[in-house]
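S.K.: This is the structure, below, for whatever I ask next.
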Amino acid sequence: TALVFAVLLAVEMRDLERVRADASTLTALLEEHPTRQTSIALEGFTGYLEAHDGQPAGIARIQRALDSARGVEPAPGSRSIFTRLLLEAYAVVGLRATDEAFELGGASLWEAETRRYRALFRDALGAPREEVEAELDRALRVARRQKARSLALRIAVSRFHYRQQRGDEAATGEALAAVRDPEGRNVEYERLWDAIVDAAANVAYRLALNTLVAG
């Protein structure tokens, strides 16, 4: 229905109040004219709102909507809609988990990786570039302080991928150069760095970098 697409537009604009209002209208419509399509859509939108309200159970609700859409396609594009809602819900819950990790304290061993994930979650939720880059900067500083070179490389690859997606080819090399051992004392580290640089120059290998970032 037109109302379902109105909710989707509000989701894309990240206008939660509009999503709530339209979902409420959709609930009333379902009570008057119950249909499978509307019921499944409302399940997904409700789960989306629950995730944003700090209820991880919202993810399970979206998953149920997706599973229902797999069984019998209720409307064209339904599964892609619920998949999109599910991805954002995971990012919302993941970002909140990083907040909780810092609030609890005692997780300094994983701080660099937590901040890397925090940057990726912020990106997924549409944060400005300066916020994402700043979080990656903090992650890299922590990794350097801890002399965790493998984590520093992972952060650099995440930044490479982030900038590459935005067509910032000039800055991608800087993202990797930022963690190179300036004295070349670690042979294995140098080999790994050179392998990443070689991959960055080849489009086919860039797909492998995407996999590294996801991991």
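Numbering starts fresh at 1 for the residues of each chain in the structure tokens, the chains themselves are lettered A, B, ... in the order given, and ligands are numbered from 1 as they appear.
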Using only C-alpha atoms, which protein or nucleic acid residues come within 12 Å of A:Gly77? Drop anything in the same chain fewer than 5 positions from it, and give the result as number ranges by chain.
M.R.: A: 4-5, 8, 37, 41, 66, 69-70, 82-84
S.K.: Counting only C-alpha atoms, what are the residues of stretch 10-36 of chain A within 8 Å of stretch 49-52 of chain A, and for each of them which pair of atoms is the nearest and at what distance in Å, to one decimal? Sort the table by chain and rising number, as JSON lines.
M.R.:
{"residue": "A:Leu16", "atom": "CA", "partner": "A:Leu49", "partner_atom": "CA", "distance": 7.6}
{"residue": "A:Val19", "atom": "CA", "partner": "A:Leu49", "partner_atom": "CA", "distance": 7.9}
{"residue": "A:Arg20", "atom": "CA", "partner": "A:Leu49", "partner_atom": "CA", "distance": 7.4}
S.K.: Okay, now the selection with N, CA, C and O atoms, as a compact mmCIF listing (two decimals), in the first residue's frame?
M.R.:
# COMPACT_ATOMS: atom_id res chain seq x y z
N LEU A 16 12.43 8.86 12.72
CA LEU A 16 11.79 7.87 13.57
C LEU A 16 10.37 8.28 13.99
O LEU A 16 9.49 7.44 14.11
N VAL A 19 8.14 7.42 11.23
CA VAL A 19 7.97 5.97 11.17
C VAL A 19 6.94 5.53 12.21
O VAL A 19 6.04 4.73 11.94
N ARG A 20 7.05 6.09 13.43
CA ARG A 20 6.11 5.73 14.51
C ARG A 20 4.68 6.12 14.14
O ARG A 20 3.73 5.35 14.33
S.K.: Go ahead and compute the interatomic distance for atom CA of A:Val132 and atom CA of A:Ala60, in Å to one decimal.
M.R.: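 Computing the Euclidean distance for atom CA of A:Val132 and atom CA of A:Ala60 yields 27.9 Å.
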S.K.: One number please: atom CA of A:Gly44 to atom CA of A:Leu125, in Å, one decimal.
M.R.: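 The value is 17.8 Å.
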S.K.: May I have the residues within 8 Å of A:Glu111 as a ChimeraX atom specification, using only C-alpha atoms and disregarding those fewer than 3 positions away in the same chain?
M.R.: /A:107-108,114-115,139,142
S.K.: Keeping only N, CA, C and O atoms, take the residues you just selected and write them out as a short mmCIF file (atom, residue, chain, number, x, y, z; two decimals), in the first residue's frame.
M.R.:
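Okay, again-v9.cif is ready:
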data_model
loop_
_atom_site.label_atom_id
_atom_site.label_comp_id
_atom_site.auth_asym_id
_atom_site.auth_seq_id
_atom_site.Cartn_x
_atom_site.Cartn_y
_atom_site.Cartn_z
N ALA A 107 37.46 -3.03 29.33
CA ALA A 107 37.58 -3.71 28.04
C ALA A 107 38.70 -3.10 27.20
O ALA A 107 38.63 -3.07 25.98
N SER A 108 39.74 -2.61 27.87
CA SER A 108 40.82 -1.93 27.15
C SER A 108 41.51 -2.84 26.14
O SER A 108 42.01 -2.39 25.11
N THR A 114 36.79 -2.49 19.21
CA THR A 114 35.47 -1.95 19.53
C THR A 114 35.26 -0.62 18.82
O THR A 114 34.18 -0.35 18.28
N ARG A 115 36.29 0.22 18.82
CA ARG A 115 36.17 1.51 18.14
C ARG A 115 36.07 1.33 16.62
O ARG A 115 35.38 2.11 15.94
N ALA A 139 40.62 4.58 17.08
CA ALA A 139 40.93 3.15 17.07
C ALA A 139 42.40 2.92 16.73
O ALA A 139 43.09 2.09 17.37
N VAL A 142 44.77 3.81 19.59
CA VAL A 142 44.77 2.77 20.63
C VAL A 142 45.62 1.59 20.19
O VAL A 142 46.43 1.06 20.96
#
S.K.: Set the distance at 12 Å and use only C-alpha atoms: which residues neighbour A:Asp137 once local chain neighbours fewer than 5 positions away are removed? I'd like the list as a list in words.
M.R.: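 Counting only the stated atoms, we get Ala112, Glu113, Arg115, Arg116, Arg118, Ala119, Glu130, Glu131, Val132, Val142, Ala143, Arg144, Ala152, Ile155, Ala156, Ser158, Arg159, Ala175, Ala178 and Val179 of chain A.
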S.K.: Could you write out that same residue set with N, CA and C atoms as a PDB file, in the first residue's frame?
M.R.:
ATOM      1  N   ALA A 112      40.542  -1.046  20.639  1.00  0.00           N
ATOM      2  CA  ALA A 112      40.784  -0.690  19.243  1.00  0.00           C
ATOM      3  C   ALA A 112      39.751  -1.341  18.323  1.00  0.00           C
ATOM      4  N   GLU A 113      39.488  -2.620  18.540  1.00  0.00           N
ATOM      5  CA  GLU A 113      38.518  -3.320  17.699  1.00  0.00           C
ATOM      6  C   GLU A 113      37.108  -2.811  17.953  1.00  0.00           C
ATOM      7  N   ARG A 115      36.289   0.217  18.816  1.00  0.00           N
ATOM      8  CA  ARG A 115      36.166   1.506  18.137  1.00  0.00           C
ATOM      9  C   ARG A 115      36.072   1.334  16.624  1.00  0.00           C
ATOM     10  N   ARG A 116      36.761   0.331  16.075  1.00  0.00           N
ATOM     11  CA  ARG A 116      36.637   0.071  14.637  1.00  0.00           C
ATOM     12  C   ARG A 116      35.201  -0.297  14.294  1.00  0.00           C
ATOM     13  N   ARG A 118      32.621   0.421  16.021  1.00  0.00           N
ATOM     14  CA  ARG A 118      31.802   1.612  16.284  1.00  0.00           C
ATOM     15  C   ARG A 118      31.771   2.527  15.060  1.00  0.00           C
ATOM     16  N   ALA A 119      32.927   2.692  14.420  1.00  0.00           N
ATOM     17  CA  ALA A 119      33.003   3.512  13.213  1.00  0.00           C
ATOM     18  C   ALA A 119      32.163   2.907  12.083  1.00  0.00           C
ATOM     19  N   GLU A 130      33.167  12.953   8.997  1.00  0.00           N
ATOM     20  CA  GLU A 130      34.133  13.361  10.019  1.00  0.00           C
ATOM     21  C   GLU A 130      33.988  12.526  11.298  1.00  0.00           C
ATOM     22  N   GLU A 131      32.759  12.095  11.607  1.00  0.00           N
ATOM     23  CA  GLU A 131      32.557  11.266  12.801  1.00  0.00           C
ATOM     24  C   GLU A 131      33.154   9.873  12.605  1.00  0.00           C
ATOM     25  N   VAL A 132      32.941   9.307  11.428  1.00  0.00           N
ATOM     26  CA  VAL A 132      33.474   7.970  11.142  1.00  0.00           C
ATOM     27  C   VAL A 132      34.996   8.002  11.135  1.00  0.00           C
ATOM     28  N   VAL A 142      44.772   3.808  19.592  1.00  0.00           N
ATOM     29  CA  VAL A 142      44.773   2.771  20.633  1.00  0.00           C
ATOM     30  C   VAL A 142      45.622   1.586  20.189  1.00  0.00           C
ATOM     31  N   ALA A 143      45.442   1.165  18.940  1.00  0.00           N
ATOM     32  CA  ALA A 143      46.209   0.027  18.432  1.00  0.00           C
ATOM     33  C   ALA A 143      47.704   0.318  18.456  1.00  0.00           C
ATOM     34  N   ARG A 144      48.068   1.539  18.097  1.00  0.00           N
ATOM     35  CA  ARG A 144      49.490   1.908  18.129  1.00  0.00           C
ATOM     36  C   ARG A 144      50.021   1.919  19.560  1.00  0.00           C
ATOM     37  N   ALA A 152      45.987  -2.703  13.926  1.00  0.00           N
ATOM     38  CA  ALA A 152      46.209  -1.461  13.180  1.00  0.00           C
ATOM     39  C   ALA A 152      45.987  -1.690  11.687  1.00  0.00           C
ATOM     40  N   ILE A 155      42.265  -1.933  10.995  1.00  0.00           N
ATOM     41  CA  ILE A 155      41.669  -0.592  11.005  1.00  0.00           C
ATOM     42  C   ILE A 155      41.984   0.132   9.700  1.00  0.00           C
ATOM     43  N   ALA A 156      43.240  -0.014   9.234  1.00  0.00           N
ATOM     44  CA  ALA A 156      43.642   0.635   7.991  1.00  0.00           C
ATOM     45  C   ALA A 156      42.845   0.099   6.809  1.00  0.00           C
ATOM     46  N   SER A 158      39.835  -1.189   6.961  1.00  0.00           N
ATOM     47  CA  SER A 158      38.476  -0.663   7.104  1.00  0.00           C
ATOM     48  C   SER A 158      38.405   0.764   6.560  1.00  0.00           C
ATOM     49  N   ARG A 159      39.408   1.563   6.871  1.00  0.00           N
ATOM     50  CA  ARG A 159      39.430   2.943   6.377  1.00  0.00           C
ATOM     51  C   ARG A 159      39.608   2.962   4.857  1.00  0.00           C
ATOM     52  N   ALA A 175      45.580   5.774   3.996  1.00  0.00           N
ATOM     53  CA  ALA A 175      44.985   4.934   5.036  1.00  0.00           C
ATOM     54  C   ALA A 175      45.875   3.757   5.369  1.00  0.00           C
ATOM     55  N   ALA A 178      49.556   4.857   6.856  1.00  0.00           N
ATOM     56  CA  ALA A 178      49.532   5.321   8.243  1.00  0.00           C
ATOM     57  C   ALA A 178      49.993   4.256   9.228  1.00  0.00           C
ATOM     58  N   VAL A 179      49.959   2.996   8.834  1.00  0.00           N
ATOM     59  CA  VAL A 179      50.337   1.935   9.769  1.00  0.00           C
ATOM     60  C   VAL A 179      51.578   1.173   9.316  1.00  0.00           C
TER      61      VAL A 179
END
